[in-house]
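**Student:** Input: one structure, supplied below.
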Amino acid sequence: MAMDFNGKVAIVTGAGGGLGREHALALARRGARLVVNDLGGARDGSGGSATAAGSVVAEIEAMGGEAIANTASVTDFAAVQAMVDQAMTKWGRVDILVNNAGVLRDKTFAKMEIEDFRFVVDVHLMGAVNCTKAVWDIMRQQNYGRIVMTTSSSGLYGNFGQSNYGAAKMALVGLMQTLSIEGAKNDIRINCLAPTAHTRMTEDLGAALPLEHLGPELVSPGLLYLVSENAPSRCILAAGAGGFERAYVTLTQGIRAVGHDAAEQIEAAVADISDRTGEIVPDMGAAQGMIELTKLQKALG
């Protein structure tokens, strides 16, 4: 059955170009009404212009769709709230939020200014928090919502020179985990998308990548699934070059070590602790404690 977004209202941040533009166009083609948000700044977050968001709105309108442009910075909660109010005034609902806005200020940790670390975290993490908070009560009252956080392999697995970006991107996974639990009773489903695509964010890597096969439009089908009626929740979907994979945060069964030489026991048993036989994907953080208490109960006999 074809995915249909007729009647749905979607907000896509960072939608003036790259991945965000493709996400917005893909949703519009399937009937969604769009708030196209983009500050219109440079890759490092400096500057601003209404041109990028307005251009995408024009593309959507040219295909017969409905869209409005918005240039709020996702770091400004008051401006984000005004953006959501704009959507509510025009259409009366918000069904989908795609937290896609981002910046890069790459340097090794040794050379990075603390302000560059803080700013990247503020845009990626707090920007997603601001936008999600602004739509949360609306989605709860509707008993319906679909939210996507844009994570990254740099957060999941690390990447040289991206400690600020990686920290922010992994934090979004933690945000998704808890909000998925809290939103479940109101059918608010939250997922993460980890894209590999050639955009201005990755232009410095061009020589090492087959750019002709890494168009952002090849990622957007994954986004459509994550915000659809039948979307999962708590899924980390990786996507790029037409490939789609799923990442998990898992927990091994491990061992129990106590006593004055517990540290030495851990060192000696690191292979057993790392053994993935019987590993689980916990439903919530309490699963770790349950595994540890089970070991205790067995030890007490």
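Letters A, B, ... go to the chains of the structure tokens in the order shown; residues in each chain start at 1; ligands are counted from 1 in the same order.
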Identify, on the basis of only C-alpha atoms, every residue whose closest approach to region 73-82 of chain A does not exceed 9 Å; exclude the query and any residue fewer than 5 positions from it along the same chain; express the result as a PyMOL selection string.

**Tutor:** chain A and resi 13+37-39+87+101+122-124+126-131+133-135

**Student:** With N, CA and C atoms retained, write the just-selected residues as a compact mmCIF listing (two decimals), in the first residue's frame.

**Tutor:**
# COMPACT_ATOMS: atom_id res chain seq x y z
N THR A 13 13.13 21.01 9.39
CA THR A 13 14.13 22.06 9.65
C THR A 13 15.35 21.83 8.77
N ASN A 37 11.58 25.11 6.97
CA ASN A 37 12.37 25.95 7.85
C ASN A 37 13.83 25.93 7.44
N ASP A 38 14.43 27.09 7.32
CA ASP A 38 15.86 27.18 7.08
C ASP A 38 16.33 28.59 7.42
N LEU A 39 17.34 28.66 8.27
CA LEU A 39 17.92 29.95 8.64
C LEU A 39 18.60 30.61 7.45
N ALA A 87 2.15 27.36 11.77
CA ALA A 87 1.56 26.16 11.17
C ALA A 87 0.18 25.88 11.72
N ALA A 101 18.03 20.28 10.80
CA ALA A 101 18.95 21.42 10.77
C ALA A 101 20.27 21.08 11.45
N ASP A 122 24.45 23.00 20.60
CA ASP A 122 23.25 23.83 20.72
C ASP A 122 22.36 23.69 19.49
N VAL A 123 22.96 23.69 18.30
CA VAL A 123 22.17 23.58 17.07
C VAL A 123 21.57 22.18 16.92
N HIS A 124 22.39 21.17 17.00
CA HIS A 124 21.92 19.81 16.73
C HIS A 124 21.05 19.26 17.85
N MET A 126 20.07 20.87 21.12
CA MET A 126 19.05 21.78 21.67
C MET A 126 18.10 22.27 20.59
N GLY A 127 18.57 22.36 19.34
CA GLY A 127 17.65 22.70 18.26
C GLY A 127 16.55 21.67 18.13
N ALA A 128 16.92 20.39 18.20
CA ALA A 128 15.91 19.32 18.14
C ALA A 128 15.03 19.33 19.38
N VAL A 129 15.62 19.62 20.53
CA VAL A 129 14.83 19.71 21.77
C VAL A 129 13.81 20.84 21.65
N ASN A 130 14.25 22.01 21.19
CA ASN A 130 13.34 23.15 21.06
C ASN A 130 12.16 22.84 20.14
N CYS A 131 12.46 22.28 18.97
CA CYS A 131 11.40 21.99 18.01
C CYS A 131 10.47 20.90 18.53
N LYS A 133 9.89 20.08 21.70
CA LYS A 133 9.10 20.63 22.81
C LYS A 133 7.94 21.48 22.29
N ALA A 134 8.18 22.23 21.22
CA ALA A 134 7.15 23.12 20.69
C ALA A 134 5.98 22.37 20.07
N VAL A 135 6.21 21.13 19.60
CA VAL A 135 5.11 20.36 19.00
C VAL A 135 4.58 19.27 19.92

**Student:** Give me, as a ChimeraX atom specification, all polymer residues having an atom no more than 8 Å from Leu19 (chain A), counting only C-alpha atoms and skipping those fewer than 4 positions away in the same chain.

**Tutor:** /A:15,23,100,197,199,216-217,219-220

**Student:** Identify, on the basis of only C-alpha atoms, every residue whose closest approach to Leu226 (chain A) does not exceed 10 Å; exclude the query and any residue fewer than 3 positions from it along the same chain; express the result as a list in words.

**Tutor:**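 The residues that qualify are Ile96, Val98, Arg146, Ile147, Val148, Arg189, Ile190, Asn191, Cys192, Leu193, Ser220, Pro221, Gly222, Leu223, Glu229, Asn230, Ala231, Pro232, Ser233, Arg234, Cys235, Ile236 and Leu237 of chain A.
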
**Student:** May I ask for the distance between CA of Gly174 (chain A) and CA of Pro195 (chain A), given in Å to one decimal place?

**Tutor:**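 A separation of 17.6 Å between them.
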
**Student:** Counting only C-alpha atoms, which of A:Gly31, A:Gly155, A:Gly285, A:Gly243 gets nearest to Glu66 (chain A)?

**Tutor:**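 Under the stated criterion, the closest residue is A:Gly31.
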
**Student:** Near Ile273 (chain A), within 8 Å and counting only C-alpha atoms, which residues show up once chain neighbours fewer than 6 positions away are dropped, as a list in words?

**Tutor:**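 Contacts, with the query itself left out: Thr252, Gln253, Gly254, Ile255 and Ile266 of chain A.
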
**Student:** Using only C-alpha atoms, can you tell me which of A:Ala167, A:Val227, A:Leu156, A:Leu172 comes closest to Tyr248 (chain A)?

**Tutor:**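 Of all the options, A:Leu156 lies closest to Tyr248 (chain A).
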
**Student:** Would you kindly return, as a list in words, each protein, DNA or RNA residue with an atom no farther than 10 Å from any atom of Glu59 (chain A), considering only C-alpha atoms and excluding same-chain residues fewer than 4 positions away?

**Tutor:**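 Here the qualifying residues turn out to be Arg21, Leu25, Ala28, Gly54, Ser55, Met63, Gly64, Gly65 and Ala67 of chain A.
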
**Student:** What's the 10 Å shell around Asp283 (chain A), counting only C-alpha atoms, without same-chain residues fewer than 3 positions away, as a ChimeraX atom specification?

**Tutor:** /A:177,181,234,280,286-287

**Student:** Output C-alpha atoms of each residue in that selection to a file, as a PDB file, in the first residue's frame.

**Tutor:**
ATOM      1  CA  GLN A 177      15.053   6.542  23.488  1.00  0.00           C
ATOM      2  CA  ILE A 181       8.797   5.676  25.913  1.00  0.00           C
ATOM      3  CA  ARG A 234      13.007   3.756  18.545  1.00  0.00           C
ATOM      4  CA  ILE A 280      19.741  -7.800  24.198  1.00  0.00           C
ATOM      5  CA  ALA A 286      16.175  -0.522  33.880  1.00  0.00           C
ATOM      6  CA  ALA A 287      17.155  -3.593  31.838  1.00  0.00           C
TER       7      ALA A 287
END

**Student:** Mind checking which residues fall within 9 Å of Ile188 (chain A), counting only C-alpha atoms, ignoring those fewer than 3 positions away in the same chain, and posting them as a PyMOL selection string?

**Tutor:** chain A and resi 136+139-140+143-147+179-180+182-185+233

**Student:** Could those residues be written to a file, using N, CA and C atoms, as a short mmCIF file (atom, residue, chain, number, x, y, z; two decimals), in the first residue's frame?

**Tutor:**
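Here's the written file selection-v6.cif:
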data_model
loop_
_atom_site.label_atom_id
_atom_site.label_comp_id
_atom_site.auth_asym_id
_atom_site.auth_seq_id
_atom_site.Cartn_x
_atom_site.Cartn_y
_atom_site.Cartn_z
N TRP A 136 5.23 19.04 21.05
CA TRP A 136 4.93 17.87 21.88
C TRP A 136 3.48 17.86 22.38
N MET A 139 0.95 17.20 19.61
CA MET A 139 0.89 15.79 19.22
C MET A 139 0.22 14.94 20.29
N ARG A 140 0.43 15.29 21.54
CA ARG A 140 -0.24 14.56 22.63
C ARG A 140 -1.76 14.75 22.54
N ASN A 143 -3.19 12.79 19.80
CA ASN A 143 -2.89 11.36 19.90
C ASN A 143 -2.28 10.85 18.60
N TYR A 144 -1.37 11.65 18.08
CA TYR A 144 -0.67 11.26 16.85
C TYR A 144 0.53 12.19 16.64
N GLY A 145 1.66 11.58 16.35
CA GLY A 145 2.84 12.37 16.00
C GLY A 145 3.95 11.48 15.49
N ARG A 146 4.74 12.01 14.58
CA ARG A 146 5.89 11.30 14.05
C ARG A 146 7.07 12.28 14.06
N ILE A 147 8.14 11.90 14.75
CA ILE A 147 9.31 12.77 14.90
C ILE A 147 10.56 12.01 14.50
N LEU A 179 12.03 9.75 24.77
CA LEU A 179 10.78 10.31 24.24
C LEU A 179 9.91 9.23 23.62
N SER A 180 10.53 8.18 23.07
CA SER A 180 9.73 7.08 22.52
C SER A 180 8.92 6.40 23.60
N GLU A 182 7.98 7.89 26.52
CA GLU A 182 7.00 8.85 27.03
C GLU A 182 5.88 9.12 26.04
N GLY A 183 6.17 9.02 24.74
CA GLY A 183 5.16 9.35 23.73
C GLY A 183 4.30 8.20 23.30
N ALA A 184 4.62 6.98 23.73
CA ALA A 184 3.95 5.79 23.21
C ALA A 184 2.45 5.80 23.44
N LYS A 185 2.01 6.24 24.60
CA LYS A 185 0.57 6.17 24.91
C LYS A 185 -0.25 7.12 24.05
N SER A 233 9.02 2.74 16.12
CA SER A 233 9.48 3.72 17.09
C SER A 233 10.77 3.20 17.69
#

**Student:** For the helix (DSSP H, G or I) assignment from backbone DSSP, which residues of region 253-282 of chain A qualify? Please present them as a PyMOL selection string.

**Tutor:** chain A and resi 262-268+270-274

**Student:** Would you mind reading off the distance between CA of Arg30 (chain A) and CA of Leu218 (chain A), one decimal, in Å?

**Tutor:**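 So the two atoms, CA of Arg30 (chain A) and CA of Leu218 (chain A), lie 16.2 Å apart.
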
**Student:** Looking only at strand (DSSP E) from DSSP on the backbone, list the matching residues of region 42-209 of chain A as a PyMOL selection string.

**Tutor:** chain A and resi 67-70+96-99+145-150+188-196
